[in-house]
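K.L.:
Below: one structure in structure tokens.
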There are 2 protein chains.
Amino acid sequence: MTTDVHWPAQLFDDIDRTGPVPLYFQVSSRLEQAIRSGAIPPGARLENEIAIGERLGLSRPTIRRAIQELVDRGLLVRRRGIGTQVVQGQVTRQVELTSLFEDLQSTQHAPGTTVLEHEVIPAPANVASHLGIAEGDEVLHIRRLRTADGTPVAILQNFFPAKTTDLSRDELEERGLYQILRSRGVAIRIANQRIGARRAHDDEGSLLEIDRDGPVLLMERTAFDNAGQAIEFGLHIYRPDRYSFETTLVAK
Amino acid sequence: MTTDVHWPAQLFDDIDRTGPVPLYFQVSSRLEQAIRSGAIPPGARLENEIAIGERLGLSRPTIRRAIQELVDRGLLVRRRGIGTQVVQGQVTRQVELTSLFEDLQSTQHAPGTTVLEHEVIPAPANVASHLGIAEGDEVLHIRRLRTADGTPVAILQNFFPAKTTDLSRDELEERGLYQILRSRGVAIRIANQRIGARRAHDDEGSLLEIDRDGPVLLMERTAFDNAGQAIEFGLHIYRPDRYSFETTLVAK
DNA sequence: GAGTGGTCTAGACCACCGG
DNA sequence: CGGTGGTCTAGACCACTCC
């Protein structure tokens with residue numbers, strides 16, 4: 001059985017038509033908040049798109065776009081001839097193009113960073129191919145130990161092309177990598193990543209405080225900016241009892 | 001330096017306005033094919049949206065939607081005031097809501113399946129909570145060994161609620177799980193999944209032909225249909241030297 | 001048949017970028 | 001300044017689902 005819901009009337013009072021924030025974004029944000037807070041409960045059916053548009057004084061395409069945002073993120077489900085409903089399942093967290101540092105912050109764990117290595121070296125072959133540069137070109141290599149509430153969680157190894165070799169040890173100890181890049185105006189648009197598993201090597205076991213050859217979770221990621229230029233190649237090792245990757249997938 | 005490209009003129013000859021296939025989909029499919037084949041090379045700049053629309057006899061919103069599809073999948077990058085370009089990086093494979101069976105098929109490996117267990121049991125607590133049913137409710141439990149070109153790749157354990165307990169051993173040996181469900185009209189819309197790592201347990205090492213307590217890649221997935229009803233809970237173990245998860249992430 | 005979302009059109013104005 | 005994508009409108013017709 002589906003349930004129609006009367007929304008809190010003031011939910012959409014403060015739509016601002018003059019500011020720079022798109023109308024569809026204002027609508028989808030408020031709708032998301034209402035769903036996550038439970039004001040619109042799981043299973044509830046929304047009004048049809050045209051009716052919503054009339055109530056808010058917005059056109060149907062604008063409403064559709066707002067709804068589509070939430071459909072893409074798995075909060076709403078649309079069915080032709082039926083209507084739009086809030087998803088029944090549990091609340092879905094999103095792990096998108098965020099960094100581990102931000103993941104930990106948002107889950108109320110205090111992140112800490114120790115820089116283990118910080119050096120400019122000639123690019124090894126595999127790094128060069130990921131970054132789209134020539135083998136032997138100068139790259140900045142850093143290796144950090146990331147902790148959460150004092151316990152080691154991951155060993156983060158990253159390589160940067162010549163353009164970005166000026167990252168200081170100090171800022172790397174204090175903030176997440178993607179936060180630093182963002183504040184420099186470097187925007188990451190696309191990333192290819194691979195997640196796998198293997199045994200711990202060398203000093204990895206002792207750094208993560210696990211068995212010397214215990215299992216670790218492995219992620220490789222190459223990040224590109226707007227123009228398709230490689231920004232960074234990362235090779236990260238996670239302690240599997242302290243971290244895993246969660247995602248919500250939505251079929252098209 | 002960006003390069004303007006003259007597209008193969010016949011690329012969009014066979015647009016069908018009468019059939020059931022949406023115009024934006026016809027455009028984005030052909031565009032994707034042209035990009036993946038290299039006919040439109042990395043870094044090439046597309047014409048502006050209005051010009052494309054005029055050449056194809058389609059409106060700007062339709063063209064925009066076609067382009068947006070490819071932007072969302074990481075094949076194109078749009079910049080305001082600049083234009084739309086093919087991404088510079090390497091070709092991006094997509095691992096979305098497909099099954100392992102289809103992944104293997106599409107990468108030219110011959111998938112094989114052995115059904116190890118196939119039984120109706122009362123739902124254990126953790127399975128019940130994932131499926132949103134009561135502990136002890138009947139569920140179908142299956143356990144399969146998946147091979148590629150004869151080598152073991154994964155142990156696939158799945159649980160289904162009462163509605164779907166009629167999957168036969170035979171069909172499970174021949175086809176992928178999601179293929180079977182789809183042909184029954186069961187569409188998976190949303191899935192929550194978690195990827196982690198641990199040691200192999202019990203018979204897992206011998207089944208996968210690896211060290212008895214070697215590292216394995218672990219995936220848990222709960223899948224929901226249109227109406228938000230749980231369809232399936234899966235707990236999969238992968239041999240890490242034979243499989244890893246590859247994804248392309250696109251920032252919004 | 002009535003109601004829903006899915007698609008498509010033909011405009012419009014704006015913000016941002018480059019020369 | 002001209003060109004680009006980003007947003008928004010007000011319609012239209014269709015396919016699908018339910019009664």
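Identifiers in this document derive from the order of the structure tokens: chains are assigned A, B, ..., residues are numbered from 1 separately in each chain, and ligands are numbered from 1 in order of occurrence.
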Report the Cα RMSD between chain B and chain A after least-squares superposition, pairing every C-alpha atom in order.

P.N.:
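That gives an RMSD of 0.3 Å.
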
K.L.:
Please check the contacts: residues of chain D at most 12 Å away from chain B, using only C-alpha atoms (C1' of nucleotides), listed as a list of chain:residue names.

P.N.:
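So the contacting residues turn out to be D:DG2, D:DG3, D:DT4, D:DG5, D:DG6, D:DT7, D:DC8, D:DC14, D:DA15.
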
K.L.:
Residues of chain A within 7 Å of chain B, using only C-alpha atoms, as a PDB file with N, CA, C and O atoms, in the first residue's frame?

P.N.:
ATOM      1  N   GLY A  74      19.259   7.395  -5.688  1.00  0.00           N
ATOM      2  CA  GLY A  74      18.643   6.247  -5.038  1.00  0.00           C
ATOM      3  C   GLY A  74      17.677   6.579  -3.915  1.00  0.00           C
ATOM      4  O   GLY A  74      17.292   5.699  -3.153  1.00  0.00           O
ATOM      5  N   VAL A  77      12.038   6.572  -6.397  1.00  0.00           N
ATOM      6  CA  VAL A  77      11.821   5.652  -7.509  1.00  0.00           C
ATOM      7  C   VAL A  77      10.630   6.143  -8.301  1.00  0.00           C
ATOM      8  O   VAL A  77       9.591   6.474  -7.723  1.00  0.00           O
ATOM      9  N   VAL A  87      12.039   5.656  -1.586  1.00  0.00           N
ATOM     10  CA  VAL A  87      12.522   4.281  -1.556  1.00  0.00           C
ATOM     11  C   VAL A  87      12.245   3.633  -0.198  1.00  0.00           C
ATOM     12  O   VAL A  87      12.341   4.282   0.840  1.00  0.00           O
ATOM     13  N   GLN A  88      11.937   2.340  -0.231  1.00  0.00           N
ATOM     14  CA  GLN A  88      11.595   1.626   0.992  1.00  0.00           C
ATOM     15  C   GLN A  88      12.812   1.230   1.814  1.00  0.00           C
ATOM     16  O   GLN A  88      12.744   1.126   3.020  1.00  0.00           O
ATOM     17  N   GLY A  89      13.929   0.993   1.134  1.00  0.00           N
ATOM     18  CA  GLY A  89      15.087   0.425   1.815  1.00  0.00           C
ATOM     19  C   GLY A  89      15.685   1.370   2.832  1.00  0.00           C
ATOM     20  O   GLY A  89      15.198   2.475   3.050  1.00  0.00           O
ATOM     21  N   GLU A  96      31.173   8.876  -3.101  1.00  0.00           N
ATOM     22  CA  GLU A  96      31.456   9.230  -4.490  1.00  0.00           C
ATOM     23  C   GLU A  96      32.898   9.669  -4.608  1.00  0.00           C
ATOM     24  O   GLU A  96      33.780   8.992  -4.126  1.00  0.00           O
ATOM     25  N   LEU A  97      33.106  10.815  -5.182  1.00  0.00           N
ATOM     26  CA  LEU A  97      34.476  11.270  -5.383  1.00  0.00           C
ATOM     27  C   LEU A  97      34.988  12.021  -4.165  1.00  0.00           C
ATOM     28  O   LEU A  97      35.541  13.103  -4.289  1.00  0.00           O
ATOM     29  N   ARG A 189      37.412  15.882 -11.842  1.00  0.00           N
ATOM     30  CA  ARG A 189      36.172  15.619 -12.549  1.00  0.00           C
ATOM     31  C   ARG A 189      35.915  14.130 -12.734  1.00  0.00           C
ATOM     32  O   ARG A 189      34.826  13.638 -12.545  1.00  0.00           O
ATOM     33  N   ILE A 190      36.941  13.434 -13.133  1.00  0.00           N
ATOM     34  CA  ILE A 190      36.779  12.027 -13.470  1.00  0.00           C
ATOM     35  C   ILE A 190      37.897  11.229 -12.820  1.00  0.00           C
ATOM     36  O   ILE A 190      39.027  11.700 -12.752  1.00  0.00           O
ATOM     37  N   ALA A 191      37.575  10.069 -12.331  1.00  0.00           N
ATOM     38  CA  ALA A 191      38.608   9.214 -11.763  1.00  0.00           C
ATOM     39  C   ALA A 191      38.342   7.773 -12.154  1.00  0.00           C
ATOM     40  O   ALA A 191      37.198   7.319 -12.154  1.00  0.00           O
ATOM     41  N   ASN A 192      39.390   7.077 -12.532  1.00  0.00           N
ATOM     42  CA  ASN A 192      39.297   5.636 -12.754  1.00  0.00           C
ATOM     43  C   ASN A 192      39.870   4.949 -11.545  1.00  0.00           C
ATOM     44  O   ASN A 192      40.990   5.253 -11.139  1.00  0.00           O
ATOM     45  N   GLN A 193      39.093   4.036 -10.966  1.00  0.00           N
ATOM     46  CA  GLN A 193      39.650   3.371  -9.802  1.00  0.00           C
ATOM     47  C   GLN A 193      39.437   1.871  -9.841  1.00  0.00           C
ATOM     48  O   GLN A 193      38.522   1.363 -10.470  1.00  0.00           O
ATOM     49  N   ARG A 194      40.351   1.168  -9.171  1.00  0.00           N
ATOM     50  CA  ARG A 194      40.300  -0.286  -9.123  1.00  0.00           C
ATOM     51  C   ARG A 194      40.436  -0.696  -7.671  1.00  0.00           C
ATOM     52  O   ARG A 194      41.297  -0.193  -6.954  1.00  0.00           O
ATOM     53  N   ILE A 195      39.565  -1.575  -7.231  1.00  0.00           N
ATOM     54  CA  ILE A 195      39.603  -2.045  -5.858  1.00  0.00           C
ATOM     55  C   ILE A 195      39.906  -3.533  -5.853  1.00  0.00           C
ATOM     56  O   ILE A 195      39.226  -4.304  -6.541  1.00  0.00           O
ATOM     57  N   GLY A 196      40.913  -3.932  -5.081  1.00  0.00           N
ATOM     58  CA  GLY A 196      41.280  -5.333  -5.014  1.00  0.00           C
ATOM     59  C   GLY A 196      41.775  -5.687  -3.621  1.00  0.00           C
ATOM     60  O   GLY A 196      41.570  -4.939  -2.666  1.00  0.00           O
ATOM     61  N   ALA A 197      42.417  -6.840  -3.505  1.00  0.00           N
ATOM     62  CA  ALA A 197      42.946  -7.288  -2.223  1.00  0.00           C
ATOM     63  C   ALA A 197      44.256  -8.010  -2.460  1.00  0.00           C
ATOM     64  O   ALA A 197      44.502  -8.555  -3.529  1.00  0.00           O
ATOM     65  N   ARG A 198      45.122  -8.003  -1.450  1.00  0.00           N
ATOM     66  CA  ARG A 198      46.368  -8.783  -1.494  1.00  0.00           C
ATOM     67  C   ARG A 198      46.910  -8.908  -0.079  1.00  0.00           C
ATOM     68  O   ARG A 198      46.316  -8.405   0.870  1.00  0.00           O
ATOM     69  N   ARG A 199      48.049  -9.577   0.057  1.00  0.00           N
ATOM     70  CA  ARG A 199      48.719  -9.657   1.350  1.00  0.00           C
ATOM     71  C   ARG A 199      49.453  -8.354   1.623  1.00  0.00           C
ATOM     72  O   ARG A 199      49.872  -7.659   0.709  1.00  0.00           O
ATOM     73  N   PRO A 215      45.717  -9.902   5.212  1.00  0.00           N
ATOM     74  CA  PRO A 215      45.025  -9.352   4.040  1.00  0.00           C
ATOM     75  C   PRO A 215      44.838  -7.839   4.167  1.00  0.00           C
ATOM     76  O   PRO A 215      44.585  -7.329   5.253  1.00  0.00           O
ATOM     77  N   VAL A 216      44.995  -7.147   3.057  1.00  0.00           N
ATOM     78  CA  VAL A 216      44.704  -5.713   3.016  1.00  0.00           C
ATOM     79  C   VAL A 216      43.835  -5.419   1.797  1.00  0.00           C
ATOM     80  O   VAL A 216      43.826  -6.157   0.814  1.00  0.00           O
ATOM     81  N   LEU A 217      43.091  -4.320   1.898  1.00  0.00           N
ATOM     82  CA  LEU A 217      42.249  -3.851   0.811  1.00  0.00           C
ATOM     83  C   LEU A 217      43.066  -2.835   0.037  1.00  0.00           C
ATOM     84  O   LEU A 217      43.781  -2.016   0.627  1.00  0.00           O
ATOM     85  N   ASN A 226      39.046  18.826 -15.374  1.00  0.00           N
ATOM     86  CA  ASN A 226      38.121  19.185 -16.440  1.00  0.00           C
ATOM     87  C   ASN A 226      38.671  18.937 -17.834  1.00  0.00           C
ATOM     88  O   ASN A 226      37.963  18.508 -18.729  1.00  0.00           O
ATOM     89  N   GLY A 228      40.853  16.905 -18.775  1.00  0.00           N
ATOM     90  CA  GLY A 228      41.304  15.553 -19.037  1.00  0.00           C
ATOM     91  C   GLY A 228      42.764  15.337 -18.689  1.00  0.00           C
ATOM     92  O   GLY A 228      43.336  14.300 -19.017  1.00  0.00           O
ATOM     93  N   GLN A 229      43.393  16.312 -18.044  1.00  0.00           N
ATOM     94  CA  GLN A 229      44.780  16.147 -17.625  1.00  0.00           C
ATOM     95  C   GLN A 229      44.833  15.350 -16.322  1.00  0.00           C
ATOM     96  O   GLN A 229      44.058  15.607 -15.408  1.00  0.00           O
ATOM     97  N   PRO A 240      41.552  -3.928   6.573  1.00  0.00           N
ATOM     98  CA  PRO A 240      40.201  -4.350   6.199  1.00  0.00           C
ATOM     99  C   PRO A 240      39.205  -4.408   7.352  1.00  0.00           C
ATOM    100  O   PRO A 240      37.999  -4.345   7.107  1.00  0.00           O
ATOM    101  N   SER A 244      35.938  -0.260   4.661  1.00  0.00           N
ATOM    102  CA  SER A 244      35.464  -0.919   3.456  1.00  0.00           C
ATOM    103  C   SER A 244      34.742   0.126   2.616  1.00  0.00           C
ATOM    104  O   SER A 244      34.405   1.204   3.108  1.00  0.00           O
ATOM    105  N   PHE A 245      34.545  -0.195   1.356  1.00  0.00           N
ATOM    106  CA  PHE A 245      33.918   0.752   0.436  1.00  0.00           C
ATOM    107  C   PHE A 245      32.426   0.469   0.338  1.00  0.00           C
ATOM    108  O   PHE A 245      32.021  -0.634  -0.031  1.00  0.00           O
ATOM    109  N   GLU A 246      31.622   1.485   0.644  1.00  0.00           N
ATOM    110  CA  GLU A 246      30.176   1.334   0.517  1.00  0.00           C
ATOM    111  C   GLU A 246      29.664   2.228  -0.590  1.00  0.00           C
ATOM    112  O   GLU A 246      30.072   3.373  -0.720  1.00  0.00           O
ATOM    113  N   THR A 247      28.761   1.695  -1.385  1.00  0.00           N
ATOM    114  CA  THR A 247      28.206   2.456  -2.496  1.00  0.00           C
ATOM    115  C   THR A 247      26.741   2.107  -2.672  1.00  0.00           C
ATOM    116  O   THR A 247      26.308   1.025  -2.313  1.00  0.00           O
ATOM    117  N   THR A 248      26.016   3.028  -3.254  1.00  0.00           N
ATOM    118  CA  THR A 248      24.675   2.745  -3.725  1.00  0.00           C
ATOM    119  C   THR A 248      24.678   2.817  -5.236  1.00  0.00           C
ATOM    120  O   THR A 248      25.078   3.827  -5.815  1.00  0.00           O
ATOM    121  N   LEU A 249      24.261   1.741  -5.882  1.00  0.00           N
ATOM    122  CA  LEU A 249      24.200   1.713  -7.339  1.00  0.00           C
ATOM    123  C   LEU A 249      22.761   1.891  -7.775  1.00  0.00           C
ATOM    124  O   LEU A 249      21.849   1.329  -7.176  1.00  0.00           O
ATOM    125  N   VAL A 250      22.563   2.668  -8.833  1.00  0.00           N
ATOM    126  CA  VAL A 250      21.224   2.879  -9.362  1.00  0.00           C
ATOM    127  C   VAL A 250      21.224   2.483 -10.823  1.00  0.00           C
ATOM    128  O   VAL A 250      22.039   2.978 -11.600  1.00  0.00           O
ATOM    129  N   ALA A 251      20.326   1.599 -11.197  1.00  0.00           N
ATOM    130  CA  ALA A 251      20.239   1.179 -12.595  1.00  0.00           C
ATOM    131  C   ALA A 251      19.624   2.293 -13.425  1.00  0.00           C
ATOM    132  O   ALA A 251      18.794   3.063 -12.930  1.00  0.00           O
TER     133      ALA A 251
END

K.L.:
From a DSSP pass on the backbone, collect the residues of region 5-251 of chain B flagged as helix (DSSP H, G or I) and hand them back as an MDAnalysis selection string.

P.N.:
chainID B and resid 9:12 23:37 49:56 60:72 100:106 125:131 162:164 169:174 177:183 204:208

K.L.:
So that I can check the surroundings of DC13 (chain D), please list as a PyMOL selection string every protein, DNA and RNA residue that reaches within 12 Å of it, counting only C-alpha atoms (C1' of nucleotides) and ignoring chain neighbours fewer than 6 positions away.

P.N.:
chain C and resi 6-9

K.L.:
Would you mind exporting all heavy atoms of the selected residues as a JSON list (two decimals), in the first residue's frame?

P.N.:
[["chain", "number", "residue", "atom", "x", "y", "z"],
["C", 6, "DG", "P", 9.60, 8.61, -15.74],
["C", 6, "DG", "OP1", 10.49, 7.44, -15.56],
["C", 6, "DG", "OP2", 10.05, 9.97, -15.39],
["C", 6, "DG", "O5'", 9.12, 8.61, -17.26],
["C", 6, "DG", "C5'", 9.16, 7.40, -18.01],
["C", 6, "DG", "C4'", 9.39, 7.71, -19.48],
["C", 6, "DG", "O4'", 8.29, 8.50, -19.97],
["C", 6, "DG", "C3'", 10.66, 8.53, -19.73],
["C", 6, "DG", "O3'", 11.34, 8.00, -20.87],
["C", 6, "DG", "C2'", 10.13, 9.93, -19.98],
["C", 6, "DG", "C1'", 8.77, 9.65, -20.63],
["C", 6, "DG", "N9", 7.82, 10.73, -20.42],
["C", 6, "DG", "C8", 7.56, 11.38, -19.24],
["C", 6, "DG", "N7", 6.65, 12.31, -19.36],
["C", 6, "DG", "C5", 6.29, 12.28, -20.69],
["C", 6, "DG", "C6", 5.36, 13.07, -21.40],
["C", 6, "DG", "O6", 4.64, 13.97, -20.98],
["C", 6, "DG", "N1", 5.30, 12.69, -22.75],
["C", 6, "DG", "C2", 6.05, 11.70, -23.32],
["C", 6, "DG", "N2", 5.87, 11.51, -24.63],
["C", 6, "DG", "N3", 6.94, 10.97, -22.66],
["C", 6, "DG", "C4", 7.01, 11.30, -21.36],
["C", 7, "DT", "P", 12.62, 8.72, -21.43],
["C", 7, "DT", "OP1", 13.41, 7.68, -22.10],
["C", 7, "DT", "OP2", 13.23, 9.56, -20.38],
["C", 7, "DT", "O5'", 12.02, 9.69, -22.53],
["C", 7, "DT", "C5'", 11.45, 9.13, -23.68],
["C", 7, "DT", "C4'", 10.87, 10.21, -24.55],
["C", 7, "DT", "O4'", 9.99, 11.04, -23.78],
["C", 7, "DT", "C3'", 11.89, 11.17, -25.17],
["C", 7, "DT", "O3'", 11.98, 10.89, -26.54],
["C", 7, "DT", "C2'", 11.34, 12.57, -24.87],
["C", 7, "DT", "C1'", 9.91, 12.29, -24.42],
["C", 7, "DT", "N1", 9.33, 13.27, -23.47],
["C", 7, "DT", "C2", 8.35, 14.11, -23.90],
["C", 7, "DT", "O2", 7.93, 14.11, -25.04],
["C", 7, "DT", "N3", 7.86, 14.97, -22.95],
["C", 7, "DT", "C4", 8.25, 15.05, -21.62],
["C", 7, "DT", "O4", 7.74, 15.87, -20.86],
["C", 7, "DT", "C5", 9.28, 14.14, -21.23],
["C", 7, "DT", "C7", 9.78, 14.13, -19.82],
["C", 7, "DT", "C6", 9.77, 13.29, -22.15],
["C", 8, "DC", "P", 13.13, 11.53, -27.42],
["C", 8, "DC", "OP1", 13.24, 10.73, -28.65],
["C", 8, "DC", "OP2", 14.29, 11.75, -26.56],
["C", 8, "DC", "O5'", 12.53, 12.97, -27.82],
["C", 8, "DC", "C5'", 11.36, 13.03, -28.62],
["C", 8, "DC", "C4'", 10.88, 14.46, -28.70],
["C", 8, "DC", "O4'", 10.33, 14.87, -27.43],
["C", 8, "DC", "C3'", 11.96, 15.49, -29.00],
["C", 8, "DC", "O3'", 11.92, 15.81, -30.39],
["C", 8, "DC", "C2'", 11.59, 16.70, -28.11],
["C", 8, "DC", "C1'", 10.28, 16.27, -27.46],
["C", 8, "DC", "N1", 10.09, 16.75, -26.05],
["C", 8, "DC", "C2", 9.13, 17.71, -25.79],
["C", 8, "DC", "O2", 8.45, 18.14, -26.73],
["C", 8, "DC", "N3", 8.95, 18.15, -24.52],
["C", 8, "DC", "C4", 9.70, 17.67, -23.54],
["C", 8, "DC", "N4", 9.48, 18.13, -22.30],
["C", 8, "DC", "C5", 10.69, 16.67, -23.77],
["C", 8, "DC", "C6", 10.87, 16.25, -25.03],
["C", 9, "DT", "P", 12.88, 16.96, -30.97],
["C", 9, "DT", "OP1", 12.99, 16.70, -32.42],
["C", 9, "DT", "OP2", 14.08, 17.09, -30.14],
["C", 9, "DT", "O5'", 12.01, 18.28, -30.78],
["C", 9, "DT", "C5'", 10.69, 18.30, -31.31],
["C", 9, "DT", "C4'", 10.03, 19.63, -30.97],
["C", 9, "DT", "O4'", 9.78, 19.69, -29.55],
["C", 9, "DT", "C3'", 10.86, 20.86, -31.32],
["C", 9, "DT", "O3'", 10.16, 21.64, -32.25],
["C", 9, "DT", "C2'", 11.04, 21.60, -29.99],
["C", 9, "DT", "C1'", 9.93, 21.03, -29.13],
["C", 9, "DT", "N1", 10.25, 21.00, -27.69],
["C", 9, "DT", "C2", 9.54, 21.79, -26.82],
["C", 9, "DT", "O2", 8.65, 22.53, -27.17],
["C", 9, "DT", "N3", 9.93, 21.68, -25.51],
["C", 9, "DT", "C4", 10.94, 20.88, -24.99],
["C", 9, "DT", "O4", 11.19, 20.86, -23.80],
["C", 9, "DT", "C5", 11.64, 20.08, -25.96],
["C", 9, "DT", "C7", 12.73, 19.18, -25.53],
["C", 9, "DT", "C6", 11.28, 20.17, -27.25]]

K.L.:
Using only C-alpha atoms (C1' of nucleotides), select each residue of chain B with any atom at most 12 Å away from an atom of chain C, and give the selection as a PDB file with N, CA, C and O atoms, in the first residue's frame.

P.N.:
ATOM      1  N   ARG B  17      12.676   8.159 -36.176  1.00  0.00           N
ATOM      2  CA  ARG B  17      11.742   8.963 -35.389  1.00  0.00           C
ATOM      3  C   ARG B  17      10.449   8.220 -35.089  1.00  0.00           C
ATOM      4  O   ARG B  17       9.616   8.719 -34.332  1.00  0.00           O
ATOM      5  N   PRO B  20      10.383   2.974 -31.070  1.00  0.00           N
ATOM      6  CA  PRO B  20      10.230   3.224 -29.633  1.00  0.00           C
ATOM      7  C   PRO B  20      11.521   3.717 -28.977  1.00  0.00           C
ATOM      8  O   PRO B  20      11.497   4.076 -27.812  1.00  0.00           O
ATOM      9  N   VAL B  21      12.613   3.724 -29.694  1.00  0.00           N
ATOM     10  CA  VAL B  21      13.888   4.119 -29.097  1.00  0.00           C
ATOM     11  C   VAL B  21      13.980   5.641 -29.044  1.00  0.00           C
ATOM     12  O   VAL B  21      13.867   6.300 -30.069  1.00  0.00           O
ATOM     13  N   PRO B  22      14.185   6.187 -27.848  1.00  0.00           N
ATOM     14  CA  PRO B  22      14.257   7.647 -27.710  1.00  0.00           C
ATOM     15  C   PRO B  22      15.347   8.257 -28.595  1.00  0.00           C
ATOM     16  O   PRO B  22      16.398   7.656 -28.798  1.00  0.00           O
ATOM     17  N   LEU B  23      15.068   9.446 -29.086  1.00  0.00           N
ATOM     18  CA  LEU B  23      16.034  10.113 -29.967  1.00  0.00           C
ATOM     19  C   LEU B  23      17.350  10.391 -29.238  1.00  0.00           C
ATOM     20  O   LEU B  23      18.425  10.181 -29.778  1.00  0.00           O
ATOM     21  N   TYR B  24      17.249  10.865 -27.976  1.00  0.00           N
ATOM     22  CA  TYR B  24      18.477  11.191 -27.269  1.00  0.00           C
ATOM     23  C   TYR B  24      19.340   9.946 -27.099  1.00  0.00           C
ATOM     24  O   TYR B  24      20.570  10.012 -27.123  1.00  0.00           O
ATOM     25  N   PHE B  25      18.678   8.785 -26.972  1.00  0.00           N
ATOM     26  CA  PHE B  25      19.431   7.548 -26.793  1.00  0.00           C
ATOM     27  C   PHE B  25      20.109   7.127 -28.098  1.00  0.00           C
ATOM     28  O   PHE B  25      21.252   6.662 -28.103  1.00  0.00           O
ATOM     29  N   ILE B  50      23.657  23.661 -30.273  1.00  0.00           N
ATOM     30  CA  ILE B  50      22.641  24.117 -31.229  1.00  0.00           C
ATOM     31  C   ILE B  50      22.995  23.686 -32.641  1.00  0.00           C
ATOM     32  O   ILE B  50      22.145  23.222 -33.404  1.00  0.00           O
ATOM     33  N   GLY B  53      22.230  20.117 -33.112  1.00  0.00           N
ATOM     34  CA  GLY B  53      20.792  19.959 -33.249  1.00  0.00           C
ATOM     35  C   GLY B  53      20.302  20.293 -34.651  1.00  0.00           C
ATOM     36  O   GLY B  53      19.485  19.565 -35.224  1.00  0.00           O
ATOM     37  N   GLY B  57      18.530  17.836 -37.125  1.00  0.00           N
ATOM     38  CA  GLY B  57      17.093  18.113 -37.124  1.00  0.00           C
ATOM     39  C   GLY B  57      16.458  17.826 -35.775  1.00  0.00           C
ATOM     40  O   GLY B  57      15.303  17.417 -35.692  1.00  0.00           O
ATOM     41  N   LEU B  58      17.229  18.026 -34.705  1.00  0.00           N
ATOM     42  CA  LEU B  58      16.700  17.786 -33.361  1.00  0.00           C
ATOM     43  C   LEU B  58      16.837  19.063 -32.536  1.00  0.00           C
ATOM     44  O   LEU B  58      17.645  19.942 -32.840  1.00  0.00           O
ATOM     45  N   SER B  59      16.053  19.135 -31.471  1.00  0.00           N
ATOM     46  CA  SER B  59      16.078  20.334 -30.642  1.00  0.00           C
ATOM     47  C   SER B  59      17.274  20.318 -29.700  1.00  0.00           C
ATOM     48  O   SER B  59      17.876  19.278 -29.431  1.00  0.00           O
ATOM     49  N   ARG B  60      17.578  21.479 -29.155  1.00  0.00           N
ATOM     50  CA  ARG B  60      18.737  21.558 -28.261  1.00  0.00           C
ATOM     51  C   ARG B  60      18.567  20.693 -27.014  1.00  0.00           C
ATOM     52  O   ARG B  60      19.513  20.004 -26.618  1.00  0.00           O
ATOM     53  N   PRO B  61      17.408  20.697 -26.337  1.00  0.00           N
ATOM     54  CA  PRO B  61      17.293  19.832 -25.154  1.00  0.00           C
ATOM     55  C   PRO B  61      17.561  18.362 -25.456  1.00  0.00           C
ATOM     56  O   PRO B  61      18.137  17.650 -24.614  1.00  0.00           O
ATOM     57  N   THR B  62      17.163  17.898 -26.609  1.00  0.00           N
ATOM     58  CA  THR B  62      17.410  16.500 -26.957  1.00  0.00           C
ATOM     59  C   THR B  62      18.901  16.234 -27.108  1.00  0.00           C
ATOM     60  O   THR B  62      19.428  15.236 -26.589  1.00  0.00           O
ATOM     61  N   ILE B  63      19.590  17.147 -27.787  1.00  0.00           N
ATOM     62  CA  ILE B  63      21.039  17.000 -27.930  1.00  0.00           C
ATOM     63  C   ILE B  63      21.716  17.084 -26.569  1.00  0.00           C
ATOM     64  O   ILE B  63      22.596  16.284 -26.235  1.00  0.00           O
ATOM     65  N   ARG B  65      20.582  16.308 -23.722  1.00  0.00           N
ATOM     66  CA  ARG B  65      20.384  15.087 -22.945  1.00  0.00           C
ATOM     67  C   ARG B  65      21.299  13.968 -23.425  1.00  0.00           C
ATOM     68  O   ARG B  65      21.841  13.217 -22.616  1.00  0.00           O
ATOM     69  N   ARG B  79      32.672  22.332 -20.548  1.00  0.00           N
ATOM     70  CA  ARG B  79      33.081  23.516 -19.802  1.00  0.00           C
ATOM     71  C   ARG B  79      32.377  24.730 -20.361  1.00  0.00           C
ATOM     72  O   ARG B  79      32.388  24.966 -21.578  1.00  0.00           O
ATOM     73  N   ARG B  80      31.783  25.493 -19.467  1.00  0.00           N
ATOM     74  CA  ARG B  80      31.025  26.651 -19.890  1.00  0.00           C
ATOM     75  C   ARG B  80      31.949  27.657 -20.575  1.00  0.00           C
ATOM     76  O   ARG B  80      33.034  27.927 -20.085  1.00  0.00           O
ATOM     77  N   GLY B  81      31.489  28.208 -21.653  1.00  0.00           N
ATOM     78  CA  GLY B  81      32.291  29.191 -22.374  1.00  0.00           C
ATOM     79  C   GLY B  81      33.351  28.575 -23.257  1.00  0.00           C
ATOM     80  O   GLY B  81      33.959  29.259 -24.085  1.00  0.00           O
ATOM     81  N   ILE B  82      33.597  27.291 -23.096  1.00  0.00           N
ATOM     82  CA  ILE B  82      34.647  26.606 -23.853  1.00  0.00           C
ATOM     83  C   ILE B  82      34.056  25.653 -24.873  1.00  0.00           C
ATOM     84  O   ILE B  82      34.255  25.808 -26.076  1.00  0.00           O
ATOM     85  N   GLY B  83      33.329  24.683 -24.385  1.00  0.00           N
ATOM     86  CA  GLY B  83      32.785  23.692 -25.295  1.00  0.00           C
ATOM     87  C   GLY B  83      32.812  22.307 -24.687  1.00  0.00           C
ATOM     88  O   GLY B  83      33.048  22.145 -23.494  1.00  0.00           O
TER      89      GLY B  83
END
